[in-house]
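Shown below: protein04.txt, with compact mmCIF, C-alpha atoms.
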# COMPACT_ATOMS: atom_id res chain seq x y z
CA MET A 173 10.62 -30.88 63.56
CA PRO A 174 10.20 -34.68 63.70
CA ILE A 175 12.61 -36.56 61.43
CA LEU A 176 9.76 -38.45 59.75
CA THR A 177 8.25 -35.13 58.66
CA VAL A 178 11.61 -34.08 57.24
CA ALA A 179 11.88 -37.38 55.32
CA VAL A 180 8.36 -37.19 53.87
CA VAL A 181 8.69 -33.55 52.79
CA THR A 182 12.15 -34.20 51.32
CA PHE A 183 10.91 -37.22 49.38
CA GLY A 184 7.95 -35.23 48.01
CA VAL A 185 10.12 -32.34 46.85
CA PHE A 186 12.84 -34.59 45.38
CA MET A 187 10.29 -36.81 43.60
CA THR A 188 8.54 -33.80 42.09
CA GLU A 189 11.88 -32.51 40.84
CA ALA A 190 12.78 -35.94 39.43
CA LEU A 191 9.49 -36.13 37.54
CA VAL A 192 10.02 -32.67 36.05
CA HIS A 193 13.53 -33.66 34.92
CA TYR A 194 12.22 -36.95 33.53
CA ASN A 195 9.53 -35.21 31.50
CA THR A 196 11.97 -32.55 30.31
CA GLY A 197 14.29 -35.30 29.07
CA VAL A 198 11.47 -37.17 27.34
CA ALA A 199 10.35 -33.99 25.56
CA ALA A 200 13.91 -33.14 24.50
CA SER A 201 14.67 -36.63 23.20
CA ASN A 202 11.38 -36.82 21.28
CA GLY A 203 11.59 -33.25 19.99
CA THR A 204 8.17 -32.50 21.48
CA GLN A 205 6.76 -29.92 23.84
CA PHE A 206 6.97 -30.52 27.58
CA LYS A 207 4.00 -32.51 28.87
CA PHE A 208 3.86 -33.66 32.49
CA THR A 209 3.14 -37.37 32.81
CA ILE A 210 3.86 -40.00 35.44
CA PRO A 211 6.09 -42.76 34.05
CA SER A 212 4.79 -46.28 34.42
CA GLY A 213 6.34 -49.44 35.75
CA ASP A 214 10.10 -49.77 35.82
CA GLU A 215 10.83 -46.09 35.18
CA LEU A 216 8.74 -44.98 38.16
CA VAL A 217 10.38 -47.61 40.38
CA LYS A 218 13.85 -46.46 39.27
CA LEU A 219 13.01 -42.82 39.99
CA GLY A 220 11.48 -43.71 43.35
CA THR A 221 14.51 -45.76 44.35
CA ILE A 222 16.98 -43.03 43.44
CA VAL A 223 14.87 -40.41 45.20
CA GLY A 224 14.47 -42.71 48.22
CA VAL A 225 18.24 -43.09 48.57
CA ALA A 226 18.78 -39.34 48.20
CA THR A 227 16.04 -38.72 50.78
CA PHE A 228 17.64 -41.14 53.22
CA ILE A 229 21.04 -39.47 52.87
CA SER A 230 19.57 -35.97 53.17
CA THR A 231 17.48 -36.92 56.21
CA LYS A 232 20.46 -38.51 57.95
CA LEU A 233 22.60 -35.42 57.29
CA ILE A 234 19.89 -33.11 58.65
CA ASP A 235 19.51 -35.36 61.70
CA ARG A 236 23.24 -35.24 62.43
CA LEU A 237 23.55 -31.52 61.82
CA GLU A 238 20.72 -30.88 64.27
CA GLY A 239 22.53 -33.09 66.82
CA ARG A 240 19.82 -35.67 67.34
Would you write the structure of this file as structure tokens?
Amino acid sequence: MPILTVAVVTFGVFMTEALVHYNTGVAASNGTQFKFTIPSGDELVKLGTIVGVATFISTKLIDRLEGR
């Protein structure tokens, strides 16, 4: 599988997970029911940056383990 495909799929899965965790935390801190929303501005950039770094590390590890 091409490494770019691995990176894009990994980013998509990790970002989805990050958004679920974000919304779970917002609901818990506000004492409200879970409601899925996309954070705006700085929060979305922070999540994307963290997920991007994790994706890079994961993709590099997969690449090395596959001996490319």
Counting all atoms listed in the file, which of A:Thr177, A:Thr182, A:Thr188, A:Thr231 gets nearest to Ile210 in chain A?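 Counting all atoms listed in the file, the residue closest to Ile210 in chain A is A:Thr188.
For the choices A:Met173, A:Val181, A:Arg236, A:Met187, the atom-to-atom distance to Gly224 in chain A is smallest for A:Met187 when using only C-alpha atoms.
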For Asn195 in chain A: contacts at 8 Å, all atoms listed in the file, fewer than 6 positions along chain excluded, given as a list in words: Phe206, Lys207, Phe208 and Thr209 of chain A
Shortest contact to Ser212 in chain A, candidates A:Val180, A:Val185, A:Leu191, A:Pro174, atoms counted all atoms listed in the file, goes to A:Leu191
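Residue nearest Glu215 in chain A, chosen from A:Thr227, A:Ala190, A:Gly239, A:Thr196 and counting only C-alpha atoms: A:Ala190.
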#### Entry: Pick from A:Val178, A:Tyr194, A:Gln205, A:Leu216 nearest to Ile229 in chain A, counting all atoms listed in the file
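The answer is A:Val178, which sits nearest to Ile229 in chain A.
The coordinates place CA of Ala179 in chain A at 8.1 Å from CA of Ser230 in chain A.
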**Prompt:** What does the distance from CA of Leu237 in chain A to CA of Leu176 in chain A come to in Å, to one decimal?
**Reply:**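 Distance reported for this atom pair: 15.6 Å.
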Closest of A:Ile234, A:Leu219, A:Ile175, A:Ala226 to His193 in chain A, counting all atoms listed in the file, is A:Leu219
